[in-house]
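A.B. asks: So that we are looking at the same thing, I have put the structure below in structure tokens.
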2 protein chains.
Amino acid sequence: MPSDTDAGRRTPRRDAAENREALLNAAVATLAADPEASLEAIAAAAGLSRRALYGHFAGRDELIAALIDRGAERLVAAAGTIDHADATVAMALLGARLWDAVEHVRLLAQVALRRPYVERAASALAPVRERLAALVERGVADGSVRSDIRPAVLARLVEESALAVLAEAARVGLPHDEGRRLVMLAALGTAGLSWREAGALITDTPELTEEA
Amino acid sequence: MPSDTDAGRRTPRRDAAENREALLNAAVATLAADPEASLEAIAAAAGLSRRALYGHFAGRDELIAALIDRGAERLVAAAGTIDHADATVAMALLGARLWDAVEHVRLLAQVALRRPYVERAASALAPVRERLAALVERGVADGSVRSDIRPAVLARLVEESALAVLAEAARVGLPHDEGRRLVMLAALGTAGLSWREAGALITDTPELTEEA
DNA sequence: GATAACTTGCACACTGATGTGCACGTTCGT
DNA sequence: ACGAACGTGCACATCAGTGTGCAAGTTATC
């Protein structure tokens with residue numbers, strides 16, 4: 001029984017689903033390099049024709065929307081699993097998780113400031129932002145995070161700094177673990193820790209040295 | 001003697017020069033909001049017709065090039081005047097100067113990662129980058145700046161963090177002195193100082209509290 | 001192996017932006 | 001006040017990207 005309520009339609013073919021995935025992956029890679037790449041370029045990167053792309057997505061907007069949802073979903077999932085008694089450790093962990101999904105993060109960061117998609121990206125990423133904000137507040141409360149900047153503002157600054165360092169590390173092409181370390185250091189530095197404190201925190205905490 | 005070697009050409013009219021300036025200013029404002037705004041929009045923002053714009057600039061590329069040179073010139077001039085025995089103070093001062101020219105900085109930051117202009121922007125801004133790199137090295141040498149990241153990389157990270165915070169502060173529309181403070185704190189935090197050290201440095205150093 | 005799903009390649013229409021030519025007003029400089 | 005410089009408005013050509021229709025070929029699936 002391949003159909004629930006579908007009126008006499010077969011199940012979608014397997015390769016079609018694969019091609020859809022290929023298109024999304026190609027879009028991530030292509031748009032990360034050039035945020036305004038043509039659908040022609042994206043389809044070609046996926047090994048398909050431009051015409052075929054329209055068989056999967058109604059147009060550019062729908063493709064981008066799918067991309068946002070897909071990327072945000074992964075980030076939200078990654079951010080949801082982290083938890084630690086020490087707020088600063090949790091923040092560093094969050095940074096490490098982001099680094100493990102660099103391409104998605106870079107795409108979101110690019111798209112998140114393009115006019116038509118800002119809102120969608122923002123609402124899709126809201127859970128991650130709220131999580132970070134909660135960590136910042138907790139850190140301020142127990143004195144492990146700076147208190148000279150309003151928590152709401154500080155949360156955004158930590159996010160922006162970490163993103164900037166992440167983008168730079170990705171552009172230069174740093175090795176995986178070095179990039180992760182830099183992102184964690186950026187988050188901790190913006191949170192107010194000195195470089196020795198941040199370094200000690202990372203080396204003393206096994207969870208931060210392990211792979212995902 | 002209105003002509004040096006010009007073969008029989010009069011001096012340019014006064015209003016023409018004013019319009020050229022108006023076009024450049026309009027371009028800064030318009031492109032900061034939307035990096036891919038049309039020449040139509042830019043000309044309109046300057047109170048001119050699109051056709052008139054072509055009387056001043058051969059096309060989009062020449063306009064952008066003029067914009068880059070103009071913005072970079074101001075930043076280089078601003079960065080050149082700073083000097084202080086303490087490397088960290090000098091870095092904070094550099095951040096403050098950048099904040100005093102937010103619009104130009106934002107434009108350069110936007111343009112500096114668009115393909116055709118990357119090189120021009122990079123070479124025009126090279127003096128500022130070299131200055132920052134020198135300050136970082138000096139700071140590492142005297143122990144006031146972190147030594148857990150290679151100086152060359154660290155200089156880029158300080159730059160990126162400060163830029164990210166600057167962009168965020170400008171977007172939210174923070175008051176002038178609050179934004180300047182945040183940019184300084186971002187630079188110092190990435191340089192390795194704890195938030196208390198950075199705060200103390202700013203309040204204890206008169207040059208950092210004064211206006212430009 | 002028959003059939004529907006999928007892809008391809010082409011053609012076409014449409015849009016937004018760019019670049020240019022030209023005739024006609026307006027304004028500055030002298 | 002005269003002439004040149006400048007701006008305007010229009011027309012026109014061009015170009016890249018988009019979105020769609022259709023016929024023909026290929027491939028998965030039953």
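Identifiers for the structure tokens are assigned positionally: chains receive A, B, ... in sequence, residues are indexed from 1 per chain, and ligands are indexed from 1 in the order shown.
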Neighbouring residues of DC24 in chain C were defined as those with any atom within 12 Å, considering only C-alpha atoms (C1' of nucleotides); residues of the same chain fewer than 3 positions away were excluded. Please report them as number ranges by chain.

C.D. replies: D: 7-10

A.B. asks: Within 12 Å of DC28 in chain C, counting only C-alpha atoms (C1' of nucleotides), which residues show up once you throw out same-chain ones fewer than 3 positions away? Write them as a compact mmCIF listing (two decimals) with C-alpha atoms (C1' of nucleotides), in the first residue's frame, please.

C.D. replies:
```
# COMPACT_ATOMS: atom_id res chain seq x y z
CA THR B 11 38.02 74.02 -15.11
CA PRO B 12 35.14 71.78 -13.97
CA ARG B 13 32.08 73.56 -12.70
CA ARG B 14 31.50 73.90 -8.98
CA ASP B 15 28.11 72.18 -8.86
CA ALA B 16 29.50 69.28 -10.84
C1' DG D 3 28.89 79.86 -24.50
C1' DA D 4 30.17 75.89 -22.54
C1' DA D 5 29.33 72.67 -19.09
C1' DC D 6 26.00 70.08 -16.91
```

A.B. asks: Using only C-alpha atoms, I'd like every residue of chain A that has an atom within 8 Å of chain B; please write them out as a list of chain:residue names.

C.D. replies: A:Arg146, A:Asp148, A:Arg156, A:Leu157, A:Glu160, A:Ser161, A:Ala162, A:Ala164, A:Val165, A:Glu168, A:Ala186, A:Gly189, A:Thr190, A:Ala191, A:Gly192, A:Leu193, A:Ser194, A:Trp195, A:Arg196

A.B. asks: Pull out every residue of chain C that has at least one atom within 12 Å of chain A, counting only C-alpha atoms (C1' of nucleotides), and report them as JSON, numbers by chain.

C.D. replies: {"C": [3, 4, 5, 6, 7, 8, 9, 10]}

A.B. asks: So that I have them on file, write out the residues from the current selection with C-alpha atoms (C1' of nucleotides), as a short mmCIF file (atom, residue, chain, number, x, y, z; two decimals), in the first residue's frame.

C.D. replies:
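New file selection19.cif:
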```
data_model
loop_
_atom_site.label_atom_id
_atom_site.label_comp_id
_atom_site.auth_asym_id
_atom_site.auth_seq_id
_atom_site.Cartn_x
_atom_site.Cartn_y
_atom_site.Cartn_z
"C1'" DT C 3 4.46 2.22 -17.56
"C1'" DA C 4 5.00 6.11 -15.06
"C1'" DA C 5 8.52 9.01 -13.18
"C1'" DC C 6 12.27 11.53 -14.18
"C1'" DT C 7 15.72 14.12 -16.99
"C1'" DT C 8 17.18 16.56 -21.02
"C1'" DG C 9 17.39 20.03 -24.47
"C1'" DC C 10 15.39 23.35 -26.82
#
```

A.B. asks: Please determine, counting only C-alpha atoms (C1' of nucleotides), which residue among D:DA1, D:DC30, D:DA11, D:DA23 has the shortest atom-to-atom distance to chain A.

C.D. replies: D:DC30

A.B. asks: Skipping near chain neighbours, those fewer than 2 positions away, what residues fall within 12 Å of DC14 in chain C using only C-alpha atoms (C1' of nucleotides), listed as a PyMOL selection string?

C.D. replies: (chain C and resi 12+16) or (chain D and resi 17-20)

A.B. asks: Mind pulling up the distance from CA of Arg74 in chain A to CA of Arg171 in chain A?

C.D. replies: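 Computing it gives 21.7 Å between the two atoms.
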
A.B. asks: Skip range 101-109 of chain A itself and residues of its chain fewer than 5 positions away, then list as a PDB file with N, CA and C atoms, in the first residue's frame all residues within 8 Å of it, counting only C-alpha atoms (C1' of nucleotides).

C.D. replies:
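Listing of part-v1.pdb after writing:
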```
ATOM      1  N   VAL A  28      24.269  24.464  -1.077  1.00  0.00           N
ATOM      2  CA  VAL A  28      25.034  24.894   0.102  1.00  0.00           C
ATOM      3  C   VAL A  28      26.447  25.281  -0.307  1.00  0.00           C
ATOM      4  N   ALA A  29      27.096  24.401  -1.067  1.00  0.00           N
ATOM      5  CA  ALA A  29      28.483  24.647  -1.455  1.00  0.00           C
ATOM      6  C   ALA A  29      28.596  25.874  -2.365  1.00  0.00           C
ATOM      7  N   LEU A  31      26.383  28.422  -2.951  1.00  0.00           N
ATOM      8  CA  LEU A  31      25.960  29.691  -2.374  1.00  0.00           C
ATOM      9  C   LEU A  31      26.904  30.168  -1.282  1.00  0.00           C
ATOM     10  N   ALA A  32      27.609  29.236  -0.648  1.00  0.00           N
ATOM     11  CA  ALA A  32      28.584  29.649   0.360  1.00  0.00           C
ATOM     12  C   ALA A  32      29.728  30.402  -0.312  1.00  0.00           C
ATOM     13  N   ILE A  68      17.327  26.920   4.180  1.00  0.00           N
ATOM     14  CA  ILE A  68      17.309  27.533   5.507  1.00  0.00           C
ATOM     15  C   ILE A  68      16.756  26.551   6.534  1.00  0.00           C
ATOM     16  N   GLY A  71      19.246  23.645   7.135  1.00  0.00           N
ATOM     17  CA  GLY A  71      20.421  24.041   7.903  1.00  0.00           C
ATOM     18  C   GLY A  71      20.061  24.353   9.341  1.00  0.00           C
ATOM     19  N   ALA A  72      18.984  25.096   9.521  1.00  0.00           N
ATOM     20  CA  ALA A  72      18.584  25.489  10.868  1.00  0.00           C
ATOM     21  C   ALA A  72      18.217  24.262  11.689  1.00  0.00           C
ATOM     22  N   LEU A  75      21.325  22.706  13.037  1.00  0.00           N
ATOM     23  CA  LEU A  75      21.942  23.502  14.096  1.00  0.00           C
ATOM     24  C   LEU A  75      21.132  23.422  15.381  1.00  0.00           C
ATOM     25  N   ALA A 121      15.033  32.901   8.353  1.00  0.00           N
ATOM     26  CA  ALA A 121      16.252  32.406   8.987  1.00  0.00           C
ATOM     27  C   ALA A 121      16.240  32.730  10.481  1.00  0.00           C
ATOM     28  N   LEU A 163      30.932  33.706  14.944  1.00  0.00           N
ATOM     29  CA  LEU A 163      30.655  33.549  13.521  1.00  0.00           C
ATOM     30  C   LEU A 163      31.769  34.157  12.666  1.00  0.00           C
ATOM     31  N   LEU A 166      34.762  31.946  12.876  1.00  0.00           N
ATOM     32  CA  LEU A 166      34.454  30.731  12.124  1.00  0.00           C
ATOM     33  C   LEU A 166      34.605  30.960  10.626  1.00  0.00           C
ATOM     34  N   ALA A 167      34.065  32.068  10.135  1.00  0.00           N
ATOM     35  CA  ALA A 167      34.149  32.354   8.704  1.00  0.00           C
ATOM     36  C   ALA A 167      35.602  32.540   8.280  1.00  0.00           C
ATOM     37  N   ALA A 170      37.393  29.220   8.239  1.00  0.00           N
ATOM     38  CA  ALA A 170      36.979  28.414   7.092  1.00  0.00           C
ATOM     39  C   ALA A 170      37.616  28.941   5.811  1.00  0.00           C
TER      40      ALA A 170
END
```

A.B. asks: What parts of range 30-210 of chain B does DSSP call alpha helix (DSSP H)? I'd like the answer as JSON, numbers by chain.

C.D. replies: {"B": [30, 31, 32, 33, 39, 40, 41, 42, 43, 44, 45, 50, 51, 52, 53, 54, 55, 56, 60, 61, 62, 63, 64, 65, 66, 67, 68, 69, 70, 71, 72, 73, 74, 75, 76, 77, 78, 79, 80, 87, 88, 89, 90, 91, 92, 93, 94, 95, 96, 97, 98, 99, 102, 103, 104, 105, 106, 107, 108, 109, 110, 111, 118, 119, 120, 121, 122, 123, 124, 125, 126, 127, 128, 129, 130, 131, 132, 133, 134, 135, 136, 137, 138, 139, 140, 141, 142, 151, 152, 153, 154, 155, 156, 157, 158, 159, 160, 161, 162, 163, 164, 165, 166, 167, 168, 169, 170, 171, 172, 176, 177, 178, 179, 180, 181, 182, 183, 184, 185, 186, 187, 188, 189, 190, 191, 195, 196, 197, 198, 199, 200, 201, 202, 203, 204, 206, 207, 208, 209]}

A.B. asks: For Leu208 in chain A, which of A:Ala155, A:Ala92, A:Val136, A:Ala122 is the closest residue, counting only C-alpha atoms?

C.D. replies: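 Closest candidate: A:Ala92.
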
A.B. asks: Could you name the residues that touch Arg97 in chain A at 8 Å or less, counting only C-alpha atoms (C1' of nucleotides), but leaving out those on the same chain fewer than 2 positions away, as a PyMOL selection string?

C.D. replies: chain A and resi 78-79+93-95+99-101+212

A.B. asks: For those residues, write N, CA and C atoms to a file as a PDB file, in the first residue's frame.

C.D. replies:
```
ATOM      1  N   ALA A  78      21.833  20.124  16.920  1.00  0.00           N
ATOM      2  CA  ALA A  78      23.163  20.089  17.527  1.00  0.00           C
ATOM      3  C   ALA A  78      23.190  20.891  18.823  1.00  0.00           C
ATOM      4  N   ALA A  79      22.523  22.021  18.826  1.00  0.00           N
ATOM      5  CA  ALA A  79      22.536  22.883  20.005  1.00  0.00           C
ATOM      6  C   ALA A  79      21.698  22.288  21.135  1.00  0.00           C
ATOM      7  N   LEU A  93      31.106  24.559  24.090  1.00  0.00           N
ATOM      8  CA  LEU A  93      30.565  23.386  23.413  1.00  0.00           C
ATOM      9  C   LEU A  93      29.674  23.791  22.245  1.00  0.00           C
ATOM     10  N   LEU A  94      28.861  24.795  22.480  1.00  0.00           N
ATOM     11  CA  LEU A  94      27.988  25.291  21.418  1.00  0.00           C
ATOM     12  C   LEU A  94      28.819  25.767  20.235  1.00  0.00           C
ATOM     13  N   GLY A  95      29.891  26.482  20.541  1.00  0.00           N
ATOM     14  CA  GLY A  95      30.790  26.930  19.476  1.00  0.00           C
ATOM     15  C   GLY A  95      31.392  25.767  18.718  1.00  0.00           C
ATOM     16  N   TRP A  99      31.081  24.672  14.694  1.00  0.00           N
ATOM     17  CA  TRP A  99      32.218  24.427  13.810  1.00  0.00           C
ATOM     18  C   TRP A  99      32.070  23.090  13.093  1.00  0.00           C
ATOM     19  N   ASP A 100      31.444  22.136  13.753  1.00  0.00           N
ATOM     20  CA  ASP A 100      31.255  20.831  13.121  1.00  0.00           C
ATOM     21  C   ASP A 100      30.293  20.909  11.941  1.00  0.00           C
ATOM     22  N   ALA A 101      29.601  22.018  11.829  1.00  0.00           N
ATOM     23  CA  ALA A 101      28.653  22.192  10.716  1.00  0.00           C
ATOM     24  C   ALA A 101      28.954  23.496   9.991  1.00  0.00           C
ATOM     25  N   ALA A 212      33.025  15.267  18.118  1.00  0.00           N
ATOM     26  CA  ALA A 212      31.571  15.196  18.250  1.00  0.00           C
ATOM     27  C   ALA A 212      31.135  13.732  18.193  1.00  0.00           C
TER      28      ALA A 212
END
```
